[in-house]
Amino acid sequence: MTTLRRAASVPGTRILGLGSAQPEQVVTNDDLSKTMDTNDTWIRERVGIVERRFAGEKDTVVSMAVEAGAKAIADAGLSPSDLDTVIVANCTTKSPIPNAAAQVAELLGIKAAGGFDLNAACAGFCYGLGVASDLVLSGSSKRTLVIGSEKLTDIVDPTDRSTAIIFADAAGAAVVGPSDEPRIGPVAWGTAGDLVEMIGMTERQHIYQEGQSVFRWATTKIAPIALKALDLAGLTPADVDVLVPHQANLRIVEAIAKKLRKEGAREDMVVADDIVYSGNTSSASIPMAMDHLRAAGKIHSGDVALLVGFGAGLSYAGQVVVCP
Ligand code: UT7
């Protein structure tokens, strides 16, 4: 039997840089209450959102991904030629071909990049980070840019108050590269395909969700996935400095944090609440929340962050990372 040479693997991987991008247009709850039957108090109390950003005509999944990706590469102190692979997690491009990743690579000047899109909806960034880490670990990629970028306003029915008040537009990015020690833990991922109908697209290509059912699922099933990710990394809840769940609803974020604290997470664990001023940006929410927390001085290099994403599929994924 012929044996083939395998790529030279590395001992570990880490996030080398982070970046994010948001459109300029700020939309408040009062703005939304002018076009649908909702109000500021309800949205703040039930979802936790104060304002969000909506894309303008010039903003696309690709343009926001390019802005976030360029910032992540600069943050890593690298240039585009230092990267060889681009993954764009998204579920909102207007057309499946050409994929966003090839366009993003070209616009960033990452020549002849391996590039592909990945759709695990709001869990997409954690799926992408898991794949990026494994690509670098195995030696298949030198350094990979993984981006979550979404223009949800393209698929939201602006008159549907169960989705239009939640979703928003943004991109978040991370550069993944080799490390002497593992600083990205193994991914804990999976799907609950029996619940596939809970989030989907209508015939008119608008997103719908069975809000209460998804809420119940997220508040009961996601903390155990986060605990599994910790276990896979050889850590316990007390080791977590910052919890960054997908920013779906502030009440879901708080429920996950409460469950982890019951399992030993510290009271002073920082909990991402980026949804308050960014809304639910699907696959962009986790890397953007990390980037914003760092800019606000709430997380620091070396902090242990626990990431967990969840959404349509229903899909979920989580892992531990050491902050860059
Ligand atoms: O990111 C992907 C994964 N998605 C999620 O994780 C979303 C999970 N679900 C949720 O976040 C919540 O279920 C929603 C935010 C979508 C809805 O919040 P809720 O607390 O579950 O509201 P509800 O649908 O149970 O409605 C409660 C009440 C109803 O009124 P009555 O029947 O009690 O009189 C609704 O008609 O609130 C009313 N309502 C609203 N009122 C003002 C529903 N939506 C609105 C609204 N503004 N936008």
# chains A, B, ... in the order shown; residues from 1 in each chain; ligands from 1
>>> select_by_dssp(residues="range 76-278 of chain A", states="strand (DSSP E or B)", output="JSON, numbers by chain")
{"A": [85, 86, 87, 88, 89, 114, 115, 116, 117, 118, 144, 145, 146, 147, 148, 149, 150, 151, 167, 169, 170, 171, 172, 173, 174, 175, 176, 177, 178, 179, 184, 188, 189, 190, 191, 199, 200, 201, 207, 208, 209, 242, 243, 244, 245, 270, 271]}
>>> closest_atom_pairs(of="chain A", to="ligand 1", cutoff="9 Å", atoms="only C-alpha atoms and all ligand atoms", output="CSV")
residue,atom,partner,partner_atom_place_in_ligand_line,distance
A:Ser33,CA,ligand 1,47 (N),8.3
A:Met36,CA,ligand 1,48 (N),8.1
A:Asp37,CA,ligand 1,47 (N),6.2
A:Thr38,CA,ligand 1,47 (N),3.6
A:Asn39,CA,ligand 1,47 (N),5.8
A:Asp40,CA,ligand 1,47 (N),8.2
A:Thr41,CA,ligand 1,42 (C),8.5
A:Trp42,CA,ligand 1,42 (C),5.4
A:Ile43,CA,ligand 1,47 (N),6.2
A:Glu45,CA,ligand 1,20 (O),8.7
A:Arg46,CA,ligand 1,20 (O),5.2
A:Val47,CA,ligand 1,15 (C),5.3
A:Ala121,CA,ligand 1,2 (C),7.7
A:Cys122,CA,ligand 1,1 (O),5.7
A:Ala123,CA,ligand 1,2 (C),8.5
A:Asp160,CA,ligand 1,48 (N),8.1
A:Arg161,CA,ligand 1,48 (N),4.3
A:Ser162,CA,ligand 1,16 (C),5.0
A:Thr163,CA,ligand 1,16 (C),6.4
A:Ala164,CA,ligand 1,48 (N),7.8
A:Ile165,CA,ligand 1,48 (N),5.9
A:Ile166,CA,ligand 1,15 (C),6.9
A:Phe167,CA,ligand 1,1 (O),7.9
A:Ile199,CA,ligand 1,3 (C),7.6
A:Gln209,CA,ligand 1,4 (N),7.0
A:Glu210,CA,ligand 1,13 (O),7.2
A:Gly211,CA,ligand 1,13 (O),3.4
A:Gln212,CA,ligand 1,13 (O),4.0
A:Ser213,CA,ligand 1,13 (O),7.2
A:Val214,CA,ligand 1,8 (C),4.8
A:Phe215,CA,ligand 1,8 (C),4.0
A:Arg216,CA,ligand 1,8 (C),7.8
A:Trp217,CA,ligand 1,6 (O),8.4
A:Ala218,CA,ligand 1,6 (O),6.3
A:Thr219,CA,ligand 1,6 (O),8.8
A:His246,CA,ligand 1,1 (O),7.3
A:Gln247,CA,ligand 1,1 (O),7.1
A:Ala248,CA,ligand 1,1 (O),4.3
A:Asn249,CA,ligand 1,11 (O),4.9
A:Leu250,CA,ligand 1,11 (O),8.2
A:Arg251,CA,ligand 1,11 (O),7.7
A:Ile252,CA,ligand 1,6 (O),7.2
A:Asn280,CA,ligand 1,1 (O),6.3
A:Thr281,CA,ligand 1,1 (O),7.7
A:Ser282,CA,ligand 1,1 (O),5.7
A:Ser283,CA,ligand 1,1 (O),8.8
A:Gly309,CA,ligand 1,1 (O),8.8
A:Phe310,CA,ligand 1,3 (C),6.4
A:Gly311,CA,ligand 1,2 (C),4.2
A:Ala312,CA,ligand 1,2 (C),6.3
A:Leu314,CA,ligand 1,3 (C),8.6
>>> select_by_dssp(residues="range 87-149 of chain A", states="alpha helix (DSSP H)", output="list in words")
Ala100, Ala101, Ala102, Gln103, Val104, Ala105, Glu106, Leu107, Leu108, Gly124, Phe125, Cys126, Tyr127, Gly128, Leu129, Gly130, Val131, Ala132, Ser133, Asp134, Leu135, Val136, Leu137 and Ser138 of chain A
>>> closest_atom_pairs(of="range 84-140 of chain A", to="range 170-185 of chain A", cutoff="12 Å", atoms="only C-alpha atoms", output="Markdown table")
| residue | atom | partner | partner_atom | distance |
| --- | --- | --- | --- | --- |
| A:Asp84 | CA | A:Gly177 | CA | 10.7 |
| A:Thr85 | CA | A:Val176 | CA | 9.9 |
| A:Val86 | CA | A:Val175 | CA | 9.3 |
| A:Ile87 | CA | A:Ala173 | CA | 9.8 |
| A:Val88 | CA | A:Ala173 | CA | 9.0 |
| A:Ala89 | CA | A:Ala171 | CA | 9.8 |
| A:Asn90 | CA | A:Ala171 | CA | 9.5 |
| A:Thr92 | CA | A:Ala170 | CA | 11.3 |
| A:Val104 | CA | A:Ala173 | CA | 11.9 |
| A:Gly124 | CA | A:Gly172 | CA | 11.4 |
| A:Phe125 | CA | A:Ala173 | CA | 8.6 |
| A:Cys126 | CA | A:Ala174 | CA | 10.9 |
| A:Gly128 | CA | A:Ala174 | CA | 10.0 |
| A:Leu129 | CA | A:Val176 | CA | 7.8 |
| A:Gly130 | CA | A:Ile184 | CA | 8.3 |
| A:Val131 | CA | A:Val176 | CA | 10.2 |
| A:Ala132 | CA | A:Val176 | CA | 6.6 |
| A:Ser133 | CA | A:Val176 | CA | 6.5 |
| A:Asp134 | CA | A:Ile184 | CA | 9.7 |
| A:Leu135 | CA | A:Val176 | CA | 9.5 |
| A:Val136 | CA | A:Gly177 | CA | 6.3 |
| A:Leu137 | CA | A:Pro178 | CA | 7.1 |
| A:Ser138 | CA | A:Pro178 | CA | 10.1 |
| A:Gly139 | CA | A:Pro178 | CA | 9.1 |
| A:Ser140 | CA | A:Gly177 | CA | 11.5 |
>>> write_last_selection(atoms="C-alpha atoms", output="PDB file, in the first residue's frame")
ATOM      1  CA  ASP A  84      -3.735  31.362   2.669  1.00  0.00           C
ATOM      2  CA  THR A  85      -7.344  30.505   3.540  1.00  0.00           C
ATOM      3  CA  VAL A  86     -10.572  32.465   4.030  1.00  0.00           C
ATOM      4  CA  ILE A  87     -13.790  31.111   5.533  1.00  0.00           C
ATOM      5  CA  VAL A  88     -16.904  33.303   5.504  1.00  0.00           C
ATOM      6  CA  ALA A  89     -19.661  31.993   7.768  1.00  0.00           C
ATOM      7  CA  ASN A  90     -22.997  33.447   6.676  1.00  0.00           C
ATOM      8  CA  THR A  92     -27.591  35.862   4.118  1.00  0.00           C
ATOM      9  CA  VAL A 104     -13.365  38.692   0.214  1.00  0.00           C
ATOM     10  CA  GLY A 124     -21.514  29.710  11.952  1.00  0.00           C
ATOM     11  CA  PHE A 125     -18.577  31.550  13.525  1.00  0.00           C
ATOM     12  CA  CYS A 126     -17.885  28.809  16.077  1.00  0.00           C
ATOM     13  CA  GLY A 128     -15.767  28.240  11.186  1.00  0.00           C
ATOM     14  CA  LEU A 129     -13.341  28.768  14.054  1.00  0.00           C
ATOM     15  CA  GLY A 130     -13.320  25.000  14.698  1.00  0.00           C
ATOM     16  CA  VAL A 131     -12.601  24.253  11.042  1.00  0.00           C
ATOM     17  CA  ALA A 132      -9.983  27.030  10.815  1.00  0.00           C
ATOM     18  CA  SER A 133      -8.204  25.721  13.898  1.00  0.00           C
ATOM     19  CA  ASP A 134      -8.176  22.169  12.534  1.00  0.00           C
ATOM     20  CA  LEU A 135      -6.879  23.356   9.146  1.00  0.00           C
ATOM     21  CA  VAL A 136      -3.943  25.095  10.837  1.00  0.00           C
ATOM     22  CA  LEU A 137      -3.361  22.245  13.305  1.00  0.00           C
ATOM     23  CA  SER A 138      -3.140  19.709  10.502  1.00  0.00           C
ATOM     24  CA  GLY A 139      -0.802  21.877   8.439  1.00  0.00           C
ATOM     25  CA  SER A 140      -3.343  22.299   5.605  1.00  0.00           C
TER      26      SER A 140
END
>>> closest_atom_pairs(of="range 244-270 of chain A", to="range 287-308 of chain A", cutoff="12 Å", atoms="only C-alpha atoms", output="Markdown table")
| residue | atom | partner | partner_atom | distance |
| --- | --- | --- | --- | --- |
| A:Val244 | CA | A:Leu307 | CA | 4.8 |
| A:Pro245 | CA | A:Val308 | CA | 4.7 |
| A:His246 | CA | A:Val308 | CA | 6.2 |
| A:Gln247 | CA | A:Ala289 | CA | 8.2 |
| A:Ala248 | CA | A:Val308 | CA | 11.3 |
| A:Ile252 | CA | A:Val308 | CA | 11.9 |
| A:Val253 | CA | A:Val308 | CA | 10.2 |
| A:Ile256 | CA | A:Val308 | CA | 9.8 |
| A:Ala257 | CA | A:Leu306 | CA | 10.7 |
| A:Leu260 | CA | A:Leu306 | CA | 10.7 |
| A:Ala265 | CA | A:Leu306 | CA | 11.0 |
| A:Asp268 | CA | A:Lys298 | CA | 11.2 |
| A:Met269 | CA | A:Ala305 | CA | 9.6 |
| A:Val270 | CA | A:Lys298 | CA | 7.4 |
>>> closest_residue(among="A:Ala255, A:Val322, A:Asn119, A:Ala168", to="Ala233 in chain A", atoms="only C-alpha atoms")
A:Val322
>>> residues_around(residues="range 56-60 of chain A", least_positions_apart="2", cutoff="8 Å", atoms="only C-alpha atoms", output="list in words")
Pro23, Glu24, Gln25, Phe54, Val62, Ser63, Met64 and Lys151 of chain A
>>> write_last_selection(atoms="N, CA, C and O atoms", output="mmCIF file, in the first residue's frame")
data_model
loop_
_atom_site.group_PDB
_atom_site.id
_atom_site.type_symbol
_atom_site.label_atom_id
_atom_site.label_comp_id
_atom_site.auth_asym_id
_atom_site.auth_seq_id
_atom_site.Cartn_x
_atom_site.Cartn_y
_atom_site.Cartn_z
ATOM 1 N N PRO A 23 -22.510 48.738 9.948
ATOM 2 C CA PRO A 23 -22.959 49.845 9.098
ATOM 3 C C PRO A 23 -23.159 51.114 9.930
ATOM 4 O O PRO A 23 -23.247 51.041 11.155
ATOM 5 N N GLU A 24 -23.264 52.242 9.245
ATOM 6 C CA GLU A 24 -23.390 53.524 9.964
ATOM 7 C C GLU A 24 -24.773 53.743 10.575
ATOM 8 O O GLU A 24 -24.908 54.333 11.638
ATOM 9 N N GLN A 25 -25.815 53.248 9.888
ATOM 10 C CA GLN A 25 -27.186 53.625 10.261
ATOM 11 C C GLN A 25 -27.632 52.986 11.585
ATOM 12 O O GLN A 25 -27.792 51.769 11.689
ATOM 13 N N PHE A 54 -28.455 48.976 10.855
ATOM 14 C CA PHE A 54 -28.966 48.414 9.603
ATOM 15 C C PHE A 54 -28.063 48.840 8.450
ATOM 16 O O PHE A 54 -27.635 50.001 8.373
ATOM 17 N N VAL A 62 -20.240 40.861 1.723
ATOM 18 C CA VAL A 62 -18.825 40.896 1.317
ATOM 19 C C VAL A 62 -18.150 42.174 1.819
ATOM 20 O O VAL A 62 -17.047 42.119 2.387
ATOM 21 N N SER A 63 -18.781 43.333 1.670
ATOM 22 C CA SER A 63 -18.100 44.580 2.055
ATOM 23 C C SER A 63 -17.859 44.635 3.567
ATOM 24 O O SER A 63 -16.795 45.069 4.026
ATOM 25 N N MET A 64 -18.848 44.168 4.354
ATOM 26 C CA MET A 64 -18.647 44.184 5.812
ATOM 27 C C MET A 64 -17.576 43.165 6.213
ATOM 28 O O MET A 64 -16.757 43.415 7.112
ATOM 29 N N LYS A 151 -26.033 40.203 6.470
ATOM 30 C CA LYS A 151 -26.942 41.324 6.189
ATOM 31 C C LYS A 151 -28.358 40.770 6.372
ATOM 32 O O LYS A 151 -29.058 40.437 5.403
#
>>> atom_distance(atom1="CA of Tyr277 in chain A", atom2="CA of Glu51 in chain A")
4.9 Å
>>> closest_residue(among="A:Pro98, A:Asp194, A:Ser315, A:Asp31", to="Tyr127 in chain A", atoms="only C-alpha atoms")
A:Ser315
>>> atom_distance(atom1="CA of Ser9 in chain A", atom2="CA of Gly148 in chain A")
25.9 Å
>>> closest_residue(among="A:Asp274, A:Asp82, A:Asp169, A:Glu197", to="Leu145 in chain A", atoms="only C-alpha atoms")
A:Asp82
>>> atom_distance(atom1="CA of Lys111 in chain A", atom2="CA of Pro80 in chain A")
8.0 Å
>>> residues_around(residues="Lys71 in chain A", least_positions_apart="5", cutoff="8 Å", atoms="only C-alpha atoms", output="list in words")
Leu18, Gly19 and Ser20 of chain A
>>> write_last_selection(atoms="N, CA, C and O atoms", output="PDB file, in the first residue's frame")
ATOM      1  N   LEU A  18      -8.305  40.171  15.951  1.00  0.00           N
ATOM      2  CA  LEU A  18      -9.766  40.286  15.857  1.00  0.00           C
ATOM      3  C   LEU A  18     -10.143  41.583  15.148  1.00  0.00           C
ATOM      4  O   LEU A  18      -9.396  42.570  15.216  1.00  0.00           O
ATOM      5  N   GLY A  19     -11.310  41.601  14.520  1.00  0.00           N
ATOM      6  CA  GLY A  19     -11.816  42.842  13.918  1.00  0.00           C
ATOM      7  C   GLY A  19     -13.313  42.755  13.742  1.00  0.00           C
ATOM      8  O   GLY A  19     -13.880  41.658  13.758  1.00  0.00           O
ATOM      9  N   SER A  20     -13.964  43.897  13.602  1.00  0.00           N
ATOM     10  CA  SER A  20     -15.411  43.877  13.367  1.00  0.00           C
ATOM     11  C   SER A  20     -15.812  45.103  12.556  1.00  0.00           C
ATOM     12  O   SER A  20     -15.045  46.067  12.447  1.00  0.00           O
TER      13      SER A  20
END
